[in-house]
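Have a look at my_file_23.pdb below; it lists PDB, C-alpha atoms.
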```pdb
ATOM      1  CA  ASN A1013     -12.540 -19.888  23.052
ATOM      2  CA  MET A1014     -11.654 -16.412  21.831
ATOM      3  CA  LEU A1015     -12.837 -14.573  18.736
ATOM      4  CA  VAL A1016     -10.446 -12.013  17.260
ATOM      5  CA  GLN A1017     -12.358  -9.980  14.707
ATOM      6  CA  VAL A1018     -10.628  -7.563  12.340
ATOM      7  CA  ASP A1019     -12.858  -5.686   9.914
ATOM      8  CA  GLY A1020     -12.277  -2.995   7.319
ATOM      9  CA  ASN A1021      -9.557  -2.540   4.713
ATOM     10  CA  LEU A1022      -5.869  -2.815   5.544
ATOM     11  CA  PRO A1023      -3.799   0.194   4.403
ATOM     12  CA  LYS A1024      -1.260  -0.450   1.644
ATOM     13  CA  GLY A1025       1.955  -1.891   3.016
ATOM     14  CA  VAL A1026       0.236  -3.531   6.000
ATOM     15  CA  THR A1027       0.619  -7.313   5.872
ATOM     16  CA  PRO A1028      -0.701 -10.361   7.758
ATOM     17  CA  LYS A1029       2.430 -10.207   9.958
ATOM     18  CA  ASP A1030       1.530  -6.657  10.959
ATOM     19  CA  VAL A1031      -2.029  -7.760  11.731
ATOM     20  CA  VAL A1032      -0.958 -10.548  14.078
ATOM     21  CA  LEU A1033       1.699  -8.388  15.778
ATOM     22  CA  ALA A1034      -0.951  -5.707  16.343
ATOM     23  CA  ILE A1035      -3.274  -8.346  17.833
ATOM     24  CA  ILE A1036      -0.528  -9.586  20.188
ATOM     25  CA  GLY A1037       0.271  -5.983  21.095
ATOM     26  CA  LYS A1038      -3.366  -5.546  22.107
ATOM     27  CA  ILE A1039      -3.995  -8.810  24.018
ATOM     28  CA  GLY A1040      -0.436  -9.460  25.271
ATOM     29  CA  THR A1041       1.557 -12.691  25.153
ATOM     30  CA  ALA A1042      -0.640 -14.139  27.900
ATOM     31  CA  GLY A1043      -3.886 -12.783  26.450
ATOM     32  CA  GLY A1044      -4.758 -16.063  24.751
ATOM     33  CA  THR A1045      -3.721 -18.375  27.602
ATOM     34  CA  GLY A1046      -6.086 -21.329  27.760
ATOM     35  CA  TYR A1047      -7.921 -20.279  24.593
ATOM     36  CA  THR A1048      -8.074 -21.392  21.013
ATOM     37  CA  ILE A1049      -8.316 -18.223  18.925
ATOM     38  CA  GLU A1050     -10.594 -18.020  15.909
ATOM     39  CA  PHE A1051      -9.586 -15.200  13.577
ATOM     40  CA  ALA A1052     -12.631 -13.740  11.849
ATOM     41  CA  GLY A1053     -13.841 -10.634  10.061
ATOM     42  CA  SER A1054     -13.466  -9.189   6.574
ATOM     43  CA  VAL A1055      -9.672  -8.893   6.818
ATOM     44  CA  PHE A1056      -9.211 -12.656   7.252
ATOM     45  CA  ARG A1057     -11.865 -13.481   4.654
ATOM     46  CA  ALA A1058      -9.920 -11.374   2.139
ATOM     47  CA  MET A1059      -6.542 -12.711   3.282
ATOM     48  CA  SER A1060      -4.761 -15.393   1.269
ATOM     49  CA  MET A1061      -4.215 -18.855   2.747
ATOM     50  CA  GLU A1062      -0.525 -18.090   3.220
ATOM     51  CA  GLY A1063      -1.387 -14.888   5.064
ATOM     52  CA  ARG A1064      -3.771 -16.827   7.295
ATOM     53  CA  MET A1065      -0.979 -19.308   8.013
ATOM     54  CA  THR A1066       1.271 -16.475   9.193
ATOM     55  CA  VAL A1067      -1.452 -15.241  11.560
ATOM     56  CA  CYS A1068      -2.302 -18.693  12.936
ATOM     57  CA  ASN A1069       1.402 -19.519  13.267
ATOM     58  CA  MET A1070       1.742 -16.687  15.788
ATOM     59  CA  ALA A1071      -1.381 -17.499  17.848
ATOM     60  CA  ILE A1072       1.013 -19.274  20.222
ATOM     61  CA  GLU A1073       2.931 -15.993  20.671
ATOM     62  CA  GLY A1074      -0.367 -14.587  21.947
ATOM     63  CA  GLY A1075      -0.452 -17.399  24.503
ATOM     64  CA  ALA A1076      -3.142 -19.454  22.761
ATOM     65  CA  ARG A1077      -3.303 -23.223  22.409
ATOM     66  CA  ALA A1078      -4.101 -22.889  18.706
ATOM     67  CA  GLY A1079      -5.278 -20.435  16.085
ATOM     68  CA  LEU A1080      -7.736 -21.095  13.284
ATOM     69  CA  VAL A1081      -9.637 -19.495  10.426
ATOM     70  CA  ALA A1082     -12.908 -21.038   9.238
ATOM     71  CA  VAL A1083     -12.826 -23.058   6.019
ATOM     72  CA  ASP A1084     -14.027 -21.233   2.904
ATOM     73  CA  ASP A1085     -13.580 -21.556  -0.864
ATOM     74  CA  LYS A1086     -10.038 -20.178  -0.621
ATOM     75  CA  THR A1087      -9.101 -22.988   1.760
ATOM     76  CA  ILE A1088     -10.489 -25.673  -0.539
ATOM     77  CA  GLU A1089      -8.861 -24.225  -3.673
ATOM     78  CA  TYR A1090      -5.530 -24.047  -1.847
ATOM     79  CA  VAL A1091      -5.664 -27.739  -0.944
ATOM     80  CA  ARG A1092      -6.955 -28.893  -4.362
ATOM     81  CA  GLY A1093      -4.349 -30.810  -6.369
ATOM     82  CA  ARG A1094      -1.608 -30.595  -3.760
ATOM     83  CA  PRO A1095       0.581 -33.588  -2.933
ATOM     84  CA  LEU A1096      -1.351 -36.043  -0.691
ATOM     85  CA  SER A1097      -4.705 -34.264  -1.139
ATOM     86  CA  PRO A1098      -7.556 -36.673  -1.974
ATOM     87  CA  THR A1099      -8.865 -37.159  -5.511
ATOM     88  CA  GLY A1100     -12.066 -38.259  -7.225
ATOM     89  CA  VAL A1101     -14.937 -39.326  -4.976
ATOM     90  CA  GLU A1102     -12.740 -39.002  -1.879
ATOM     91  CA  TRP A1103     -12.104 -35.347  -2.761
ATOM     92  CA  ASP A1104     -15.828 -34.627  -3.004
ATOM     93  CA  GLN A1105     -16.452 -36.331   0.334
ATOM     94  CA  ALA A1106     -13.602 -34.421   1.940
ATOM     95  CA  VAL A1107     -14.897 -31.072   0.635
ATOM     96  CA  ASP A1108     -18.383 -31.808   1.979
ATOM     97  CA  TYR A1109     -16.877 -32.450   5.410
ATOM     98  CA  TRP A1110     -14.449 -29.524   5.332
ATOM     99  CA  LYS A1111     -17.313 -27.128   4.614
ATOM    100  CA  THR A1112     -18.738 -27.964   8.052
ATOM    101  CA  LEU A1113     -15.584 -26.684   9.782
ATOM    102  CA  HIS A1114     -16.800 -23.285  10.928
ATOM    103  CA  SER A1115     -18.374 -21.862  14.059
ATOM    104  CA  ASP A1116     -22.171 -21.718  14.161
ATOM    105  CA  ALA A1117     -23.708 -18.355  13.343
ATOM    106  CA  ASP A1118     -25.023 -18.113  16.902
ATOM    107  CA  ALA A1119     -21.828 -19.374  18.578
ATOM    108  CA  VAL A1120     -20.946 -17.695  21.876
ATOM    109  CA  PHE A1121     -17.280 -16.926  22.570
ATOM    110  CA  ASP A1122     -15.772 -16.532  26.036
ATOM    111  CA  THR A1123     -13.871 -13.461  24.865
ATOM    112  CA  VAL A1124     -14.217 -11.216  21.810
ATOM    113  CA  VAL A1125     -11.442  -8.858  20.699
ATOM    114  CA  LYS A1126     -12.076  -6.385  17.882
ATOM    115  CA  LEU A1127      -9.629  -4.336  15.817
ATOM    116  CA  ASP A1128     -10.218  -1.859  13.000
ATOM    117  CA  ALA A1129      -8.013  -2.690  10.015
ATOM    118  CA  ALA A1130      -7.612   0.985   9.130
ATOM    119  CA  ASP A1131      -5.843   1.607  12.464
ATOM    120  CA  ILE A1132      -3.098  -0.992  11.848
ATOM    121  CA  VAL A1133       0.266   0.313  10.629
ATOM    122  CA  PRO A1134       3.491  -1.596   9.830
ATOM    123  CA  GLN A1135       4.679  -3.055  13.139
ATOM    124  CA  VAL A1136       8.141  -3.308  14.729
ATOM    125  CA  THR A1137       8.888  -4.986  18.058
ATOM    126  CA  TRP A1138      11.157  -2.912  20.299
ATOM    127  CA  GLY A1139      11.601  -5.233  23.307
ATOM    128  CA  THR A1140      12.185  -8.828  24.324
ATOM    129  CA  SER A1141       8.645 -10.194  23.941
ATOM    130  CA  PRO A1142       6.323 -10.149  20.901
ATOM    131  CA  GLU A1143       3.837  -8.015  22.884
ATOM    132  CA  MET A1144       6.438  -5.221  23.064
ATOM    133  CA  VAL A1145       5.443  -3.909  19.662
ATOM    134  CA  LEU A1146       4.582  -0.533  18.136
ATOM    135  CA  GLY A1147       3.879   1.030  14.773
ATOM    136  CA  VAL A1148       6.917   2.102  12.764
ATOM    137  CA  ASP A1149       5.758   5.699  13.177
ATOM    138  CA  ALA A1150       5.935   5.486  16.995
ATOM    139  CA  ARG A1151       8.711   6.067  19.527
ATOM    140  CA  VAL A1152      10.389   3.695  21.982
ATOM    141  CA  PRO A1153       8.296   3.805  25.182
ATOM    142  CA  ASP A1154       9.370   5.660  28.299
ATOM    143  CA  PRO A1155       9.184   3.451  31.418
ATOM    144  CA  ASP A1156       8.733   6.535  33.616
ATOM    145  CA  LYS A1157       5.307   7.049  32.040
ATOM    146  CA  GLU A1158       4.149   3.525  33.018
ATOM    147  CA  LYS A1159       2.213   3.553  36.307
ATOM    148  CA  ASP A1160       2.244  -0.238  36.810
ATOM    149  CA  ALA A1161       5.489  -1.127  38.647
ATOM    150  CA  ASN A1162       5.752  -4.603  37.090
ATOM    151  CA  LYS A1163       5.268  -3.300  33.573
ATOM    152  CA  ARG A1164       7.675  -0.443  34.239
ATOM    153  CA  GLY A1165      10.344  -2.892  35.381
ATOM    154  CA  ALA A1166       9.775  -5.075  32.304
ATOM    155  CA  ILE A1167      10.153  -2.082  29.996
ATOM    156  CA  GLU A1168      13.355  -0.981  31.744
ATOM    157  CA  ARG A1169      14.875  -4.468  31.504
ATOM    158  CA  ALA A1170      13.909  -4.775  27.840
ATOM    159  CA  LEU A1171      15.359  -1.383  26.922
ATOM    160  CA  THR A1172      18.611  -2.200  28.720
ATOM    161  CA  TYR A1173      18.947  -5.515  26.877
ATOM    162  CA  MET A1174      17.956  -3.970  23.527
ATOM    163  CA  GLY A1175      20.257  -0.962  23.980
ATOM    164  CA  LEU A1176      17.495   1.538  23.249
ATOM    165  CA  GLN A1177      16.740   4.956  24.718
ATOM    166  CA  PRO A1178      13.170   5.986  25.642
ATOM    167  CA  GLY A1179      11.625   8.302  23.076
ATOM    168  CA  LYS A1180      13.835   7.200  20.177
ATOM    169  CA  PRO A1181      11.816   7.085  16.927
ATOM    170  CA  ILE A1182      11.420   3.482  15.761
ATOM    171  CA  ASN A1183      12.465   4.480  12.238
ATOM    172  CA  ASP A1184      15.787   5.818  13.588
ATOM    173  CA  ILE A1185      16.835   2.386  14.887
ATOM    174  CA  THR A1186      19.768   1.136  12.799
ATOM    175  CA  ILE A1187      20.326  -2.575  12.202
ATOM    176  CA  ASP A1188      23.291  -4.895  11.667
ATOM    177  CA  LYS A1189      21.642  -7.936  10.094
ATOM    178  CA  VAL A1190      18.443  -8.911   8.287
ATOM    179  CA  PHE A1191      16.776 -12.322   8.294
ATOM    180  CA  ILE A1192      13.885 -13.034   5.923
ATOM    181  CA  GLY A1193      12.662 -16.564   6.625
ATOM    182  CA  SER A1194      11.256 -18.836   9.380
ATOM    183  CA  CYS A1195       8.018 -20.837   9.531
ATOM    184  CA  THR A1196       6.168 -17.540  10.002
ATOM    185  CA  ASN A1197       7.278 -15.752   6.839
ATOM    186  CA  SER A1198       9.087 -17.965   4.316
ATOM    187  CA  ARG A1199       6.293 -18.961   1.932
ATOM    188  CA  ILE A1200       6.260 -17.919  -1.718
ATOM    189  CA  GLU A1201       4.071 -14.860  -1.051
ATOM    190  CA  ASP A1202       6.588 -13.686   1.564
ATOM    191  CA  MET A1203       9.424 -14.080  -0.942
ATOM    192  CA  ARG A1204       7.444 -12.116  -3.538
ATOM    193  CA  GLU A1205       6.562  -9.395  -1.019
ATOM    194  CA  ALA A1206      10.199  -8.850  -0.038
ATOM    195  CA  ALA A1207      11.471  -9.063  -3.638
ATOM    196  CA  ALA A1208       8.877  -6.501  -4.779
ATOM    197  CA  VAL A1209      10.210  -3.990  -2.239
ATOM    198  CA  VAL A1210      13.819  -4.631  -3.284
ATOM    199  CA  LYS A1211      12.921  -4.236  -6.965
ATOM    200  CA  LYS A1212      10.856  -1.090  -6.404
ATOM    201  CA  LEU A1213      13.516   0.653  -4.320
ATOM    202  CA  GLY A1214      16.283  -0.361  -6.726
ATOM    203  CA  ARG A1215      18.950  -0.074  -4.039
ATOM    204  CA  LYS A1216      21.677  -2.296  -2.626
ATOM    205  CA  VAL A1217      21.882  -3.592   0.935
ATOM    206  CA  ALA A1218      23.041  -0.643   3.077
ATOM    207  CA  SER A1219      26.748  -0.416   3.947
ATOM    208  CA  ASN A1220      26.085  -0.664   7.699
ATOM    209  CA  VAL A1221      24.213  -3.975   7.276
ATOM    210  CA  LYS A1222      26.766  -6.758   7.718
ATOM    211  CA  GLN A1223      24.543  -9.543   6.421
ATOM    212  CA  ALA A1224      21.104  -9.842   4.828
ATOM    213  CA  MET A1225      19.812 -13.331   4.142
ATOM    214  CA  VAL A1226      16.713 -14.804   2.544
ATOM    215  CA  VAL A1227      15.873 -18.375   3.561
ATOM    216  CA  PRO A1228      12.934 -20.044   1.755
ATOM    217  CA  GLY A1229      10.672 -22.237   3.867
ATOM    218  CA  SER A1230      10.966 -25.415   1.799
ATOM    219  CA  GLY A1231      12.519 -26.927  -1.299
ATOM    220  CA  LEU A1232       9.266 -26.326  -3.177
ATOM    221  CA  VAL A1233       9.217 -22.644  -2.200
ATOM    222  CA  LYS A1234      12.865 -22.267  -3.245
ATOM    223  CA  GLU A1235      12.209 -23.894  -6.638
ATOM    224  CA  GLN A1236       9.177 -21.708  -7.297
ATOM    225  CA  ALA A1237      10.985 -18.529  -6.244
ATOM    226  CA  GLU A1238      13.848 -19.377  -8.591
ATOM    227  CA  ARG A1239      11.419 -20.086 -11.450
ATOM    228  CA  GLU A1240      10.020 -16.589 -10.877
ATOM    229  CA  GLY A1241      13.508 -15.068 -10.772
ATOM    230  CA  LEU A1242      13.137 -13.766  -7.229
ATOM    231  CA  HIS A1243      16.549 -15.099  -6.190
ATOM    232  CA  GLU A1244      18.222 -12.929  -8.845
ATOM    233  CA  ILE A1245      16.510  -9.800  -7.493
ATOM    234  CA  PHE A1246      17.778 -10.583  -3.995
ATOM    235  CA  LYS A1247      21.300 -11.513  -5.061
ATOM    236  CA  ALA A1248      21.686  -8.439  -7.287
ATOM    237  CA  ALA A1249      20.874  -6.252  -4.283
ATOM    238  CA  GLY A1250      23.411  -7.997  -2.051
ATOM    239  CA  PHE A1251      21.215 -10.466  -0.162
ATOM    240  CA  GLU A1252      22.349 -14.043   0.442
ATOM    241  CA  TRP A1253      19.986 -16.604  -1.142
ATOM    242  CA  ARG A1254      20.107 -19.639   1.131
ATOM    243  CA  GLU A1255      18.971 -23.256   1.305
ATOM    244  CA  PRO A1256      15.673 -23.930   3.144
ATOM    245  CA  GLY A1257      15.839 -24.337   6.913
ATOM    246  CA  CYS A1258      15.301 -22.699  10.297
ATOM    247  CA  SER A1259      18.528 -20.694  10.047
ATOM    248  CA  MET A1260      18.760 -17.480  12.078
ATOM    249  CA  CYS A1261      15.280 -17.816  13.595
ATOM    250  CA  LEU A1262      16.888 -19.686  16.476
ATOM    251  CA  ALA A1263      20.618 -19.156  15.889
ATOM    252  CA  MET A1264      21.107 -22.409  14.009
ATOM    253  CA  ASN A1265      24.678 -23.351  13.081
ATOM    254  CA  ALA A1266      26.636 -20.222  12.065
ATOM    255  CA  ASP A1267      23.483 -18.194  11.373
ATOM    256  CA  ARG A1268      23.459 -16.214  14.584
ATOM    257  CA  LEU A1269      23.807 -12.739  16.010
ATOM    258  CA  GLU A1270      26.898 -11.751  17.934
ATOM    259  CA  PRO A1271      26.395  -9.992  21.307
ATOM    260  CA  GLY A1272      24.936  -6.534  20.766
ATOM    261  CA  GLU A1273      24.084  -7.067  17.093
ATOM    262  CA  ARG A1274      20.630  -5.894  16.014
ATOM    263  CA  CYS A1275      18.495  -7.812  13.517
ATOM    264  CA  ALA A1276      15.346  -7.069  11.533
ATOM    265  CA  SER A1277      13.773 -10.513  11.473
ATOM    266  CA  THR A1278      10.601 -11.965   9.946
ATOM    267  CA  SER A1279      10.537 -14.744  12.560
ATOM    268  CA  ASN A1280       8.125 -15.074  15.488
ATOM    269  CA  ARG A1281      10.099 -14.717  18.721
ATOM    270  CA  ASN A1282      12.321 -11.939  20.013
ATOM    271  CA  PHE A1283      13.279 -13.306  23.432
ATOM    272  CA  GLU A1284      16.704 -12.565  24.904
ATOM    273  CA  GLY A1285      19.307 -14.693  23.138
ATOM    274  CA  ARG A1286      16.837 -16.223  20.682
ATOM    275  CA  GLN A1287      19.024 -15.412  17.652
ATOM    276  CA  GLY A1288      22.310 -15.692  19.540
ATOM    277  CA  ALA A1289      23.562 -14.771  23.007
ATOM    278  CA  GLY A1290      23.203 -11.024  23.480
ATOM    279  CA  GLY A1291      21.544 -10.614  20.071
ATOM    280  CA  ARG A1292      18.783  -8.025  19.665
ATOM    281  CA  THR A1293      15.784  -9.079  17.570
ATOM    282  CA  HIS A1294      13.126  -6.827  16.031
ATOM    283  CA  LEU A1295      10.173  -8.699  14.508
ATOM    284  CA  VAL A1296       8.803  -7.262  11.262
ATOM    285  CA  SER A1297       7.102  -8.287   8.008
ATOM    286  CA  PRO A1298       9.122  -9.425   4.953
ATOM    287  CA  ALA A1299       8.474  -6.078   3.228
ATOM    288  CA  MET A1300       9.641  -4.138   6.298
ATOM    289  CA  ALA A1301      12.736  -6.347   6.633
ATOM    290  CA  ALA A1302      13.652  -5.864   2.978
ATOM    291  CA  ALA A1303      13.243  -2.089   3.241
ATOM    292  CA  ALA A1304      15.317  -1.991   6.432
ATOM    293  CA  ALA A1305      18.096  -3.948   4.722
ATOM    294  CA  LEU A1306      18.299  -1.364   1.929
ATOM    295  CA  HIS A1307      18.091   1.701   4.182
ATOM    296  CA  GLY A1308      20.147   0.388   7.107
ATOM    297  CA  HIS A1309      17.367   1.276   9.540
ATOM    298  CA  PHE A1310      13.631   0.781   9.911
ATOM    299  CA  VAL A1311      11.472   2.741   7.483
ATOM    300  CA  ASP A1312       7.745   3.093   6.950
ATOM    301  CA  ILE A1313       7.024   1.161   3.756
ATOM    302  CA  ARG A1314       3.549   2.607   3.229
ATOM    303  CA  PRO A1315       4.743   5.458   0.952
ATOM    304  CA  PHE A1316       6.194   3.001  -1.568
ATOM    305  CA  ALA A1317       3.956  -0.041  -1.033
TER
END
```
What would you get if you wrote out this structure as structure tokens?
Amino acid sequence: NMLVQVDGNLPKGVTPKDVVLAIIGKIGTAGGTGYTIEFAGSVFRAMSMEGRMTVCNMAIEGGARAGLVAVDDKTIEYVRGRPLSPTGVEWDQAVDYWKTLHSDADAVFDTVVKLDAADIVPQVTWGTSPEMVLGVDARVPDPDKEKDANKRGAIERALTYMGLQPGKPINDITIDKVFIGSCTNSRIEDMREAAAVVKKLGRKVASNVKQAMVVPGSGLVKEQAEREGLHEIFKAAGFEWREPGCSMCLAMNADRLEPGERCASTSNRNFEGRQGAGGRTHLVSPAMAAAAALHGHFVDIRPFA
């Protein structure tokens, strides 16, 4: 088992998606192989249930068998009153049991990985694996500076596929399409996060962006978002408001990238061809995707978070 501990306060504009991408950037996509990862520390204690779901959803992208966060009062309140959750005496019994679902105080982990929340910035993947990720304020890596021949070759192949030049600032990368959705980032908090950026910036989808779509994760999420008027914010800015589904996460039906097209995506995988043959995927948070749609390129959202 592996303990990933993140303590401190996240800077404004840094989301659960950024946290898990930073973790994968540190341990690599094979870093969790054979492990179940427990995410612990003050950042996860403070994180909402939906944020925790985003992090655990991407434990597999870190190579792990599973990801988990210990049960606390937030967990129990989230489950209370939901469809199919127990009621009455059965609820009380369930809560008593659920409260035992945490590691012992003196538990020993095979591996411990620690990150400081203050060091995490909004993340953008630049390559063809979730571990190929950097802060939005960084530059595309230069393979010539990598001493390890295997890693150097991987960087070169990724840059060729992605059509990127070494040293290019991440925030200068222009995009063709934007996808806000997938099982990683299509819950109501994700919809609110993206809509808040669109509303705050008060802009339309950039002219160089051919398509920007928002795909809620379920019928219930879609209904709630519409009750809150989020769909109107998106549509007024030029986003497509779609029916729930997997959509462009894995090039479903017509929702796909054409060869060479570049997408800011809130999904979880950026492998070659994942969103369409020859398509180029950059994984980001919903807020980062929304901002990129309005600017036509990646931007650091911290100044207006």
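Among the candidates A:Asn1282, A:Leu1096, A:Val1032, A:Met1300, the one nearest to Arg1314 in chain A when counting only C-alpha atoms is A:Met1300.
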| task | Would you mind reading off the distance between CA of Val1311 in chain A and CA of Thr1196 in chain A, one decimal, in Å? | result |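 These atoms are spaced 21.1 Å apart.
Candidate residues A:Asp1030, A:Glu1062, A:Glu1143, A:Asp1267 were compared for distance to Met1203 in chain A, and the nearest is A:Glu1062, using all atoms listed in the file.
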| request: Decode the PyMOL selection byres ((chain A and resi 1153) around 7) for the given file into explicit residues and return them as an MDAnalysis selection string. | output: chainID A and resid 1151:1152 1154:1155 1178:1179
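Of note, CA of Met1070 in chain A and CA of Arg1281 in chain A are spaced 9.1 Å apart.
Ranking A:Arg1199, A:Arg1286, A:Arg1215, A:Lys1159 by their shortest atom-to-atom distance to Phe1251 in chain A, with only C-alpha atoms included, puts A:Arg1215 first.
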| request: Report the distance between CA of Leu1146 in chain A and CA of Gly1074 in chain A in Å, rounded to one decimal place. | output: 15.4 Å
| request: Write out as an NGL selection string which residues come within 8 Å of Asn1183 in chain A when counting all atoms listed in the file, dropping same-chain ones fewer than 4 positions away. | output: :A and (1148-1149 or 1309-1312)
Okay, now the selection with C-alpha atoms, as a CSV table (one decimal), keeping the file's coordinate frame?
```csv
chain,number,residue,atom,x,y,z
A,1148,VAL,CA,6.9,2.1,12.8
A,1149,ASP,CA,5.8,5.7,13.2
A,1309,HIS,CA,17.4,1.3,9.5
A,1310,PHE,CA,13.6,0.8,9.9
A,1311,VAL,CA,11.5,2.7,7.5
A,1312,ASP,CA,7.7,3.1,7.0
```
| said: Residue by residue, what does the PyMOL selection byres ((chain A and resi 1293-1299) around 7) grab here? Present the result as a ChimeraX atom specification. | reply: /A:1027,1029-1030,1135-1138,1192,1197,1202,1205-1206,1209,1274-1280,1282,1291-1292,1300-1303
| Could you pull the residues within 12 Å of Gly1241 in chain A, counting only C-alpha atoms, minus those fewer than 2 positions along the same chain, as a list in words? | Ile1200, Met1203, Arg1204, Ala1207, Ala1208, Lys1211, Lys1234, Glu1235, Gln1236, Ala1237, Glu1238, Arg1239, His1243, Glu1244, Ile1245, Phe1246, Lys1247, Ala1248 and Trp1253 of chain A
Would you write out those residues with C-alpha atoms, as a short mmCIF file (atom, residue, chain, number, x, y, z; two decimals), in the frame of the given file?
```
data_model
loop_
_atom_site.label_atom_id
_atom_site.label_comp_id
_atom_site.auth_asym_id
_atom_site.auth_seq_id
_atom_site.Cartn_x
_atom_site.Cartn_y
_atom_site.Cartn_z
CA ILE A 1200 6.26 -17.92 -1.72
CA MET A 1203 9.42 -14.08 -0.94
CA ARG A 1204 7.44 -12.12 -3.54
CA ALA A 1207 11.47 -9.06 -3.64
CA ALA A 1208 8.88 -6.50 -4.78
CA LYS A 1211 12.92 -4.24 -6.96
CA LYS A 1234 12.86 -22.27 -3.24
CA GLU A 1235 12.21 -23.89 -6.64
CA GLN A 1236 9.18 -21.71 -7.30
CA ALA A 1237 10.98 -18.53 -6.24
CA GLU A 1238 13.85 -19.38 -8.59
CA ARG A 1239 11.42 -20.09 -11.45
CA HIS A 1243 16.55 -15.10 -6.19
CA GLU A 1244 18.22 -12.93 -8.85
CA ILE A 1245 16.51 -9.80 -7.49
CA PHE A 1246 17.78 -10.58 -4.00
CA LYS A 1247 21.30 -11.51 -5.06
CA ALA A 1248 21.69 -8.44 -7.29
CA TRP A 1253 19.99 -16.60 -1.14
#
```
| query | Smallest atom-to-atom distance to Lys1212 in chain A: which of A:Val1031, A:Leu1306, A:Cys1068, A:Ala1224, using all atoms listed in the file? | reply |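 That would be A:Leu1306, the residue with the smallest distance to Lys1212 in chain A.
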Give me the residues near Pro1271 in chain A as a compact mmCIF listing (two decimals) with C-alpha atoms, keeping the file's coordinate frame, where near means some atom within 8 Å (using only C-alpha atoms) and where sequence neighbours in that chain fewer than 4 positions away do not count.
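Saved the output as out.txt:
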```txt
# COMPACT_ATOMS: atom_id res chain seq x y z
CA GLY A 1288 22.31 -15.69 19.54
CA ALA A 1289 23.56 -14.77 23.01
CA GLY A 1290 23.20 -11.02 23.48
CA GLY A 1291 21.54 -10.61 20.07
```
